[in-house]
file input-v4.tsv (TSV, C-alpha atoms)
chain	number	residue	atom	x	y	z
A	289	MET	CA	39.51	-24.59	-41.01
A	290	ILE	CA	39.11	-23.04	-37.59
A	291	ASN	CA	36.39	-24.25	-35.24
A	292	LYS	CA	33.97	-21.36	-34.83
A	293	GLU	CA	33.56	-22.33	-31.19
A	294	HIS	CA	36.93	-20.72	-30.48
A	295	LEU	CA	36.44	-17.49	-32.40
A	296	LEU	CA	35.85	-14.30	-30.44
A	297	THR	CA	32.51	-12.52	-30.22
A	298	ASP	CA	31.95	-8.92	-31.29
A	299	VAL	CA	32.07	-7.86	-27.64
A	300	GLU	CA	35.41	-9.58	-27.07
A	301	VAL	CA	36.93	-7.95	-30.16
A	302	ALA	CA	35.65	-4.54	-29.02
A	303	ARG	CA	37.10	-5.09	-25.54
A	304	PHE	CA	40.49	-6.01	-27.05
A	305	ILE	CA	40.48	-2.74	-29.01
A	306	VAL	CA	39.61	-0.72	-25.89
A	307	ASN	CA	41.75	-2.50	-23.27
A	308	GLY	CA	44.63	-3.69	-25.45
A	309	TYR	CA	44.72	-7.23	-24.13
A	310	HIS	CA	42.90	-10.54	-24.07
A	311	ILE	CA	43.55	-13.53	-21.82
A	312	VAL	CA	43.37	-17.09	-23.18
A	313	GLU	CA	43.47	-20.18	-20.98
A	314	PRO	CA	43.88	-23.10	-23.40
A	315	ASP	CA	42.96	-26.53	-22.08
A	316	LEU	CA	46.44	-27.98	-22.64
A	317	PRO	CA	47.37	-31.67	-22.15
A	318	GLU	CA	48.04	-32.61	-18.55
A	319	GLY	CA	51.68	-32.14	-17.63
A	320	LEU	CA	52.57	-30.03	-20.67
A	321	ASN	CA	52.94	-26.73	-18.82
A	322	GLU	CA	55.01	-28.20	-16.00
A	323	GLY	CA	57.14	-30.08	-18.53
A	324	ILE	CA	57.87	-26.85	-20.38
A	325	ALA	CA	58.59	-25.04	-17.10
A	326	ARG	CA	61.08	-27.72	-16.07
A	327	GLN	CA	62.85	-27.52	-19.45
A	328	LEU	CA	63.09	-23.75	-19.02
A	329	ASP	CA	64.37	-24.19	-15.45
A	330	GLU	CA	67.30	-26.15	-16.80
A	331	LEU	CA	68.35	-23.79	-19.59
A	332	GLU	CA	71.81	-22.42	-18.97
A	333	SER	CA	71.72	-19.74	-21.66
A	334	ASN	CA	69.01	-17.87	-23.49
A	335	PRO	CA	68.46	-19.35	-26.95
A	336	GLY	CA	66.67	-16.22	-28.15
A	337	ALA	CA	64.46	-16.88	-31.16
A	338	ALA	CA	65.51	-20.55	-31.12
A	339	ILE	CA	63.47	-21.13	-27.96
A	340	THR	CA	60.92	-23.14	-29.98
A	341	ASP	CA	63.73	-25.40	-31.28
A	342	VAL	CA	65.09	-25.94	-27.79
A	343	VAL	CA	61.61	-26.44	-26.29
A	344	PRO	CA	59.50	-27.74	-29.20
A	345	ASP	CA	56.57	-28.47	-26.86
A	346	LEU	CA	55.84	-24.74	-27.12
A	347	TRP	CA	54.28	-25.46	-30.52
A	348	GLN	CA	51.50	-27.37	-28.74
A	349	VAL	CA	50.59	-24.11	-27.04
A	350	LEU	CA	50.82	-22.08	-30.25
A	351	GLU	CA	48.71	-24.56	-32.19
A	352	HIS	CA	46.00	-25.02	-29.56
A	353	PRO	CA	42.57	-24.28	-31.10
A	354	ALA	CA	41.64	-21.87	-28.31
A	355	LEU	CA	44.66	-19.70	-29.05
A	356	ARG	CA	44.34	-20.09	-32.81
A	357	GLY	CA	40.72	-19.00	-32.56
A	358	VAL	CA	41.69	-15.71	-30.96
A	359	LEU	CA	44.54	-15.12	-33.41
A	360	VAL	CA	42.28	-15.78	-36.41
A	361	SER	CA	39.65	-13.48	-34.91
A	362	LEU	CA	42.06	-10.57	-34.52
A	363	LEU	CA	44.64	-11.13	-37.30
A	364	GLY	CA	42.79	-13.18	-39.91
A	365	PRO	CA	43.17	-16.85	-40.90
A	366	ASP	CA	46.61	-16.38	-42.50
A	367	TYR	CA	48.37	-14.87	-39.48
A	368	GLU	CA	52.08	-15.59	-38.95
A	369	VAL	CA	54.08	-16.44	-35.85
A	370	LEU	CA	57.07	-14.16	-36.39
A	371	SER	CA	60.61	-15.33	-35.73
A	372	PRO	CA	61.40	-12.90	-32.89
A	373	ARG	CA	60.64	-14.99	-29.79
A	374	HIS	CA	62.06	-14.61	-26.36
A	375	TRP	CA	62.24	-16.51	-23.09
A	376	HIS	CA	62.01	-14.17	-20.09
A	377	CYS	CA	63.16	-15.74	-16.85
A	378	LYS	CA	62.62	-13.74	-13.68
A	379	PRO	CA	64.63	-15.51	-11.00
A	380	PRO	CA	63.98	-15.22	-7.26
A	381	GLY	CA	65.30	-11.92	-5.92
A	382	SER	CA	65.18	-10.12	-9.26
A	383	ASP	CA	64.19	-6.47	-9.28
A	384	HIS	CA	61.11	-4.84	-10.73
A	385	MET	CA	61.21	-3.59	-14.32
A	386	GLN	CA	60.06	-0.08	-15.21
A	387	TRP	CA	57.21	0.69	-17.59
A	388	HIS	CA	58.24	0.34	-21.21
A	389	GLN	CA	57.22	-0.59	-24.70
A	390	ASP	CA	59.11	-3.11	-26.79
A	391	GLY	CA	60.45	-0.72	-29.39
A	392	THR	CA	60.01	2.77	-30.62
A	393	ASN	CA	56.47	3.91	-30.19
A	394	ASN	CA	54.60	3.52	-33.41
A	395	ARG	CA	50.94	3.80	-32.64
A	396	ALA	CA	48.76	2.24	-35.27
A	397	THR	CA	45.02	2.57	-35.62
A	398	ARG	CA	44.87	-0.99	-36.88
A	399	ILE	CA	45.32	-4.40	-35.27
A	400	ASP	CA	48.07	-5.84	-37.46
A	401	HIS	CA	50.37	-7.42	-34.91
A	402	PHE	CA	50.60	-8.06	-31.18
A	403	LEU	CA	52.42	-10.08	-28.56
A	404	GLY	CA	51.53	-13.37	-26.91
A	405	LEU	CA	52.91	-13.90	-23.40
A	406	TYR	CA	52.82	-17.56	-22.35
A	407	TYR	CA	53.24	-18.51	-18.68
A	408	PRO	CA	53.98	-22.23	-18.14
A	409	ARG	CA	53.72	-21.99	-14.36
A	410	ASP	CA	51.18	-20.37	-12.02
A	411	VAL	CA	52.21	-16.75	-11.42
A	412	THR	CA	51.49	-15.28	-7.99
A	413	ALA	CA	51.82	-11.63	-6.96
A	414	GLU	CA	55.11	-12.49	-5.19
A	415	MET	CA	56.68	-14.06	-8.31
A	416	GLY	CA	57.18	-10.81	-10.20
A	417	PRO	CA	54.23	-10.88	-12.58
A	418	THR	CA	54.10	-8.85	-15.76
A	419	ILE	CA	52.00	-5.75	-15.09
A	420	ILE	CA	50.09	-4.03	-17.86
A	421	VAL	CA	48.17	-0.77	-18.08
A	422	PRO	CA	44.95	-1.33	-20.04
A	423	GLY	CA	44.12	1.46	-22.46
A	424	THR	CA	47.68	2.76	-22.97
A	425	GLN	CA	48.21	1.08	-26.34
A	426	PHE	CA	47.34	4.11	-28.48
A	427	ARG	CA	49.74	6.51	-26.73
A	428	ASN	CA	52.79	7.97	-28.45
A	429	ALA	CA	54.84	8.02	-25.27
A	430	PRO	CA	58.52	7.09	-25.51
A	431	THR	CA	59.71	4.77	-22.77
A	432	ASP	CA	61.94	7.53	-21.31
A	433	ARG	CA	58.82	9.60	-20.63
A	434	MET	CA	57.44	6.77	-18.47
A	435	ALA	CA	60.37	6.86	-16.02
A	436	THR	CA	58.58	9.03	-13.44
A	437	TYR	CA	55.56	6.72	-13.22
A	438	THR	CA	55.59	3.96	-10.63
A	439	ASN	CA	52.13	2.71	-9.81
A	440	ILE	CA	49.27	3.60	-12.12
A	441	ARG	CA	45.74	3.48	-10.78
A	442	ARG	CA	44.25	0.78	-12.99
A	443	GLN	CA	47.34	-1.31	-13.73
A	444	VAL	CA	46.68	-5.03	-13.96
A	445	PRO	CA	49.16	-7.64	-12.66
A	446	LEU	CA	49.06	-10.79	-14.78
A	447	VAL	CA	48.58	-13.11	-11.83
A	448	VAL	CA	47.60	-16.10	-13.91
A	449	LYS	CA	47.38	-19.84	-13.81
A	450	ALA	CA	49.81	-22.14	-15.63
A	451	GLY	CA	49.14	-22.29	-19.37
A	452	THR	CA	47.73	-18.80	-19.70
A	453	VAL	CA	48.53	-16.81	-22.83
A	454	ALA	CA	48.04	-13.05	-22.52
A	455	LEU	CA	47.65	-11.41	-25.92
A	456	THR	CA	48.77	-7.81	-25.58
A	457	HIS	CA	48.76	-4.95	-28.06
A	458	TYR	CA	52.35	-4.26	-29.11
A	459	ASP	CA	52.31	-0.71	-27.70
A	460	LEU	CA	50.61	-1.52	-24.38
A	461	TRP	CA	52.62	-0.14	-21.44
A	462	HIS	CA	54.06	-2.98	-19.40
A	463	GLY	CA	56.57	-3.69	-16.65
A	464	THR	CA	57.10	-6.27	-13.93
A	465	ALA	CA	57.06	-6.42	-10.16
A	466	ALA	CA	60.04	-7.79	-8.23
A	467	ASN	CA	60.22	-11.54	-7.67
A	468	ARG	CA	60.15	-12.06	-3.92
A	469	SER	CA	59.32	-15.75	-4.11
A	470	GLY	CA	61.68	-18.70	-4.27
A	471	VAL	CA	60.44	-19.76	-7.70
A	472	LYS	CA	61.63	-18.82	-11.20
A	473	ARG	CA	58.92	-16.96	-13.09
A	474	HIS	CA	59.04	-17.94	-16.75
A	475	MET	CA	57.37	-16.25	-19.68
A	476	VAL	CA	57.86	-16.94	-23.38
A	477	LYS	CA	57.02	-14.04	-25.63
A	478	PHE	CA	55.72	-14.53	-29.16
A	479	HIS	CA	54.93	-12.01	-31.85
A	480	PHE	CA	51.98	-12.58	-34.18
A	481	GLN	CA	51.31	-10.68	-37.39
A	482	ARG	CA	48.52	-10.24	-39.92
A	483	THR	CA	49.41	-11.07	-43.54
A	484	GLN	CA	46.12	-10.23	-45.30
A	485	GLU	CA	43.79	-7.28	-45.07
A	486	ASN	CA	40.35	-8.19	-43.79
A	487	SER	CA	37.59	-8.05	-46.38
A	488	GLU	CA	35.06	-9.12	-43.75
A	489	PRO	CA	35.04	-9.89	-40.01
A	490	THR	CA	37.05	-13.01	-39.11
A	491	TRP	CA	35.36	-13.60	-35.76
A	492	ASN	CA	31.82	-14.69	-34.79
A	493	HIS	CA	30.22	-11.50	-36.00
A	494	ASP	CA	26.56	-10.66	-35.62
A	495	PRO	CA	25.51	-7.71	-37.82
A	496	GLU	CA	22.65	-6.94	-35.43
A	497	GLU	CA	25.23	-6.31	-32.73
A	498	LEU	CA	26.31	-3.02	-34.27
A	499	ASN	CA	23.01	-1.24	-34.08
A	500	ARG	CA	22.47	-0.89	-30.36
A	501	PRO	CA	21.74	2.66	-29.17
A	502	HIS	CA	23.86	4.40	-26.59
A	503	ASP	CA	23.00	3.20	-23.10
A	504	TRP	CA	23.66	6.22	-20.89
A	505	ASN	CA	23.03	4.18	-17.76
A	506	LEU	CA	25.10	1.05	-18.30
A	507	ARG	CA	27.65	2.73	-20.61
A	508	ASP	CA	30.54	0.33	-21.31
A	509	ARG	CA	28.97	-2.26	-19.03
A	510	ALA	CA	26.35	-2.68	-21.73
A	511	GLU	CA	27.49	-5.81	-23.54
A	512	ASP	CA	27.58	-4.47	-27.08
A	513	VAL	CA	30.15	-3.02	-29.45
A	514	ASN	CA	28.74	0.47	-29.77
A	515	ASN	CA	28.65	1.13	-26.04
A	516	ILE	CA	32.02	-0.50	-25.35
A	517	LEU	CA	33.80	1.51	-28.06
A	518	THR	CA	32.05	4.71	-27.02
A	519	PHE	CA	32.17	4.59	-23.24
A	520	GLY	CA	35.12	2.34	-22.39
A	521	ASN	CA	37.69	4.28	-20.35
A	522	PRO	CA	39.99	1.72	-18.73
A	523	LEU	CA	42.48	4.34	-17.52
A	524	GLY	CA	39.93	6.87	-16.33
A	525	VAL	CA	41.44	9.59	-18.53
A	526	SER	CA	40.17	13.11	-19.13
A	527	GLN	CA	37.49	14.04	-21.63
A	528	SER	CA	40.01	15.30	-24.22
A	529	ASP	CA	41.94	12.03	-24.23
A	530	HIS	CA	38.79	9.95	-24.10
A	531	TYR	CA	37.34	11.59	-27.21
A	532	LYS	CA	40.58	10.97	-29.08
A	533	GLU	CA	40.52	7.33	-27.98
A	534	ARG	CA	37.01	6.95	-29.32
A	535	ALA	CA	38.08	8.12	-32.78
A	536	ILE	CA	41.06	5.76	-32.85
A	537	ARG	CA	38.94	2.80	-31.72
A	538	ARG	CA	36.39	3.41	-34.46
A	539	LYS	CA	39.13	3.43	-37.13
A	540	CYS	CA	40.49	0.24	-35.65
A	541	TRP	CA	37.09	-1.45	-35.59
A	542	ASN	CA	36.30	-0.35	-39.14
A	543	SER	CA	39.56	-1.79	-40.49
A	544	LEU	CA	38.82	-5.12	-38.79
A	545	MET	CA	35.35	-5.08	-40.35
A	546	GLY	CA	37.02	-4.88	-43.76
A	547	GLY	CA	36.15	-1.25	-44.29
B	641	MET	CA	86.70	25.55	0.63
B	642	GLU	CA	85.48	22.95	3.06
B	643	ALA	CA	82.04	21.53	2.34
B	644	VAL	CA	79.44	21.85	5.06
B	645	LYS	CA	78.88	18.42	6.51
B	646	PHE	CA	75.30	17.24	6.22
B	647	ASP	CA	73.76	16.73	9.64
B	648	SER	CA	70.63	14.62	9.29
B	649	SER	CA	69.47	15.51	12.79
B	650	THR	CA	69.20	19.23	12.01
B	651	MET	CA	69.10	19.65	8.22
B	652	PRO	CA	66.02	18.83	6.12
B	653	ARG	CA	65.95	16.51	3.13
B	654	GLN	CA	63.72	16.72	0.09
B	655	ARG	CA	60.93	14.14	-0.16
B	656	LEU	CA	59.53	14.04	-3.68
B	657	LEU	CA	56.10	13.10	-4.95
B	658	TYR	CA	55.26	12.69	-8.64
B	659	LEU	CA	51.50	12.80	-9.11
B	660	HIS	CA	49.96	12.22	-12.53
B	661	ALA	CA	46.56	13.86	-12.42
B	662	ARG	CA	43.66	13.34	-14.79
B	663	THR	CA	43.67	17.04	-15.79
B	664	PRO	CA	45.88	20.08	-14.97
B	665	SER	CA	43.49	20.92	-12.12
B	666	VAL	CA	44.77	20.14	-8.63
B	667	PHE	CA	41.29	18.87	-7.84
B	668	SER	CA	41.27	16.14	-10.48
B	669	GLU	CA	41.78	12.49	-9.64
B	670	ILE	CA	45.31	11.08	-9.53
B	671	LEU	CA	46.10	8.36	-12.09
B	672	GLY	CA	49.76	7.79	-11.19
B	673	PHE	CA	51.65	7.95	-7.89
B	674	THR	CA	55.42	7.88	-7.26
B	675	LEU	CA	56.94	8.67	-3.87
B	676	ILE	CA	60.71	9.20	-3.62
B	677	GLU	CA	62.09	9.08	-0.09
B	678	PRO	CA	65.56	10.66	0.36
B	679	ILE	CA	66.86	7.58	2.10
B	680	GLU	CA	69.85	5.58	0.91
B	681	GLY	CA	68.80	2.43	-0.91
B	682	TYR	CA	65.17	3.55	-1.30
B	683	ARG	CA	63.48	2.19	-4.44
B	684	ALA	CA	60.16	3.21	-5.98
B	685	GLU	CA	58.76	-0.07	-7.26
B	686	ILE	CA	55.88	-1.17	-9.43
B	687	ALA	CA	53.81	-3.40	-7.17
B	688	ALA	CA	51.66	-6.39	-8.00
B	689	GLU	CA	49.59	-5.92	-4.87
B	690	ALA	CA	46.61	-3.53	-4.75
B	691	GLN	CA	47.72	-0.02	-3.80
B	692	GLU	CA	46.09	2.32	-1.31
B	693	TRP	CA	47.32	5.82	-2.05
B	694	PRO	CA	47.17	8.42	0.74
B	695	TYR	CA	45.90	11.08	-1.65
B	696	GLN	CA	43.17	11.00	-4.29
B	697	THR	CA	43.98	14.44	-5.73
B	698	VAL	CA	46.93	16.84	-5.82
B	699	HIS	CA	44.91	19.07	-3.51
B	700	ASP	CA	44.82	16.28	-0.89
B	701	ALA	CA	48.64	16.36	-0.93
B	702	LEU	CA	48.70	20.17	-0.57
B	703	VAL	CA	46.47	19.87	2.47
B	704	ASP	CA	49.00	17.41	3.89
B	705	GLY	CA	51.85	19.89	3.56
B	706	TRP	CA	53.33	19.02	0.15
B	707	GLN	CA	54.40	21.94	-2.06
B	708	ILE	CA	54.32	21.92	-5.84
B	709	VAL	CA	57.76	22.51	-7.34
B	710	GLN	CA	56.76	21.85	-10.95
B	711	PHE	CA	53.39	22.25	-12.57
B	712	PRO	CA	52.44	20.30	-15.72
B	713	HIS	CA	53.87	21.77	-18.91
B	714	LEU	CA	50.96	22.84	-21.07
B	715	GLN	CA	52.97	24.72	-23.66
B	716	ALA	CA	53.76	21.59	-25.68
B	717	PRO	CA	52.25	21.33	-29.15
B	718	PHE	CA	48.72	20.00	-28.87
B	719	SER	CA	47.28	17.49	-31.28
B	720	ASP	CA	43.57	16.84	-31.41
B	721	GLN	CA	44.26	13.29	-32.59
B	722	ASP	CA	47.40	11.98	-30.94
B	723	LEU	CA	47.62	10.68	-27.39
B	724	ASP	CA	50.86	10.79	-25.45
B	725	VAL	CA	51.62	10.36	-21.75
B	726	VAL	CA	49.07	9.41	-19.11
B	727	GLY	CA	47.74	12.39	-17.18
B	728	TYR	CA	49.43	15.67	-16.18
B	729	GLU	CA	52.57	15.50	-14.06
B	730	PHE	CA	52.83	17.53	-10.85
B	731	ILE	CA	56.09	17.29	-8.89
B	732	LEU	CA	55.79	18.09	-5.18
B	733	GLN	CA	58.22	18.27	-2.31
B	734	ARG	CA	58.17	18.21	1.45
B	735	LEU	CA	61.31	19.25	3.28
B	736	GLU	CA	61.70	17.23	6.44
B	737	ILE	CA	64.33	16.22	8.89
B	738	ILE	CA	64.73	12.50	8.51
B	739	ASP	CA	66.91	11.00	11.17
B	740	ASP	CA	67.67	7.51	9.94
B	741	GLN	CA	70.87	7.06	11.88
call {"tool": "encode", "arguments": {"input": "input-v4.tsv", "output": "structure tokens"}}
result
Amino acid sequence: MINKEHLLTDVEVARFIVNGYHIVEPDLPEGLNEGIARQLDELESNPGAAITDVVPDLWQVLEHPALRGVLVSLLGPDYEVLSPRHWHCKPPGSDHMQWHQDGTNNRATRIDHFLGLYYPRDVTAEMGPTIIVPGTQFRNAPTDRMATYTNIRRQVPLVVKAGTVALTHYDLWHGTAANRSGVKRHMVKFHFQRTQENSEPTWNHDPEELNRPHDWNLRDRAEDVNNILTFGNPLGVSQSDHYKERAIRRKCWNSLMGG
Amino acid sequence: MEAVKFDSSTMPRQRLLYLHARTPSVFSEILGFTLIEPIEGYRAEIAAEAQEWPYQTVHDALVDGWQIVQFPHLQAPFSDQDLDVVGYEFILQRLEIIDDQ
């Protein structure tokens, strides 16, 4: 049974749908992150999906109630940690990585699976952070078509503290900056998947939350689902794209509600 | 036939600018910015630091002497449901003598 304290609110679920990511900072045991980072420092080859066998302490991150609360909220109580797992090491002096998605683009209007990016060490801007573009997750844009983009106005570098897990929609555009520091930047990527359709919300849902009128002054800064889903425009896209996004978000929200 | 030797002190090179604008209008805000300098070893890199772009619109770049060599393709099939790339891509050039010797 999950502690309701760690479940997301309606607003947080709506923001995940709009922005395509959510940051979790679990309160992990002292020394755990640095211990994991040191074990990763010493790896001589990439164990691929066996990374959790080689570094079993990673399960303490995956099983932390703060992370589980978010996963239950977005994927239901029976979510799976899929076997594809990957350790990404960005050593000092390594180059930037172009925008991409982790497979063929297959935009879904549902939240059925997403990635978890765990950083065992503080990541500074010089260490080659992952960089994401909020709001790109619903775009059918093959990675080749992204090759002429470099910097995008509202890109977000994941400059995070040790122990952070960034949950990112599978289709969210992402890349990395170059590592100009003298420190290895580690990230372990996990893939989480829903196994059961929702018949009701699996987060801390308040039915009253859904009935707020449009706030034409605060727009998406109004802290409620209706205004966030309607007005959120993290990329600052044109009206045509924005209206399409709204329709996709509503379908996504309705499926999470069990509709 | 002997190729004409490139003389960087007298012959211009092509600087390229890829601007991804919010709409096909040159007055709309830029969402993406890529500058390609015709200099050996030059790399266009995604940066973690906050960016200050010299232009806010394609029109700003025109005022600064850039010329559009490719306008966004609008002939592609349009879907009223699907989303694809971010913004509309304008490719601009400025021919300049760049003496990096």
call {"tool": "axis_aligned_box", "arguments": {"input": "input-v4.tsv", "around": "segment 447-450 of chain A", "padding_each_side": "8 Å", "output": "JSON"}}
result
{"center_x": 48.6, "center_y": -17.6, "center_z": -13.7, "size_x": 18.4, "size_y": 25.0, "size_z": 19.8}
call {"tool": "interface_residues", "arguments": {"input": "input-v4.tsv", "of": "chain B", "to": "chain A", "cutoff": "9 Å", "atoms": "only C-alpha atoms", "output": "JSON, numbers by chain"}}
result
{"B": [658, 659, 660, 662, 663, 669, 670, 671, 672, 673, 674, 675, 684, 685, 686, 687, 688, 689, 691, 720, 721, 722, 723, 724, 725, 726, 727, 729]}
call {"tool": "atom_distance", "arguments": {"input": "input-v4.tsv", "atom1": "atom CA of Asn542 of chain A", "atom2": "atom CA of Pro422 of chain A"}}
result
21.0 Å
call {"tool": "residues_around", "arguments": {"input": "input-v4.tsv", "residues": "Thr650 of chain B", "least_positions_apart": "5", "cutoff": "9 Å", "atoms": "all atoms listed in the file", "output": "PyMOL selection string"}}
result
chain B and resi 737-739
call {"tool": "residues_around", "arguments": {"input": "input-v4.tsv", "residues": "Ser668 of chain B", "least_positions_apart": "6", "cutoff": "8 Å", "atoms": "only C-alpha atoms", "output": "PDB file with C-alpha atoms, in the coordinates of the input"}}
result
ATOM      1  CA  ALA B 661      46.560  13.860 -12.420  1.00  0.00           C
ATOM      2  CA  ARG B 662      43.660  13.340 -14.790  1.00  0.00           C
ATOM      3  CA  THR B 697      43.980  14.440  -5.730  1.00  0.00           C
ATOM      4  CA  VAL B 698      46.930  16.840  -5.820  1.00  0.00           C
TER       5      VAL B 698
END
call {"tool": "atom_distance", "arguments": {"input": "input-v4.tsv", "atom1": "atom CA of Trp461 of chain A", "atom2": "atom CA of Gly308 of chain A"}}
result
9.6 Å
call {"tool": "atom_distance", "arguments": {"input": "input-v4.tsv", "atom1": "atom CA of Asn486 of chain A", "atom2": "atom CA of Arg500 of chain A"}}
result
23.5 Å
call {"tool": "closest_residue", "arguments": {"input": "input-v4.tsv", "among": "A:Pro522, A:Lys472, A:Ile305, A:Asn492", "to": "Arg509 of chain A", "atoms": "only C-alpha atoms"}}
result
A:Pro522
call {"tool": "residues_around", "arguments": {"input": "input-v4.tsv", "residues": "Leu455 of chain A", "least_positions_apart": "5", "cutoff": "7 Å", "atoms": "all atoms listed in the file", "output": "list in words"}}
result
Tyr309, His310, Ile311, Phe402, Leu403, Gly404 and Leu405 of chain A
call {"tool": "closest_residue", "arguments": {"input": "input-v4.tsv", "among": "A:Gln484, A:Ser543, A:Ser469, A:Thr452", "to": "Val312 of chain A", "atoms": "all atoms listed in the file"}}
result
A:Thr452
call {"tool": "residues_around", "arguments": {"input": "input-v4.tsv", "residues": "Leu498 of chain A", "least_positions_apart": "3", "cutoff": "9 Å", "atoms": "only C-alpha atoms", "output": "MDAnalysis selection string"}}
result
chainID A and resid 298 494:495 501 512:514
call {"tool": "residues_around", "arguments": {"input": "input-v4.tsv", "residues": "Phe711 of chain B", "least_positions_apart": "4", "cutoff": "9 Å", "atoms": "only C-alpha atoms", "output": "list of chain:residue names"}}
result
B:Pro664, B:Tyr728, B:Glu729, B:Phe730, B:Ile731, B:Leu732
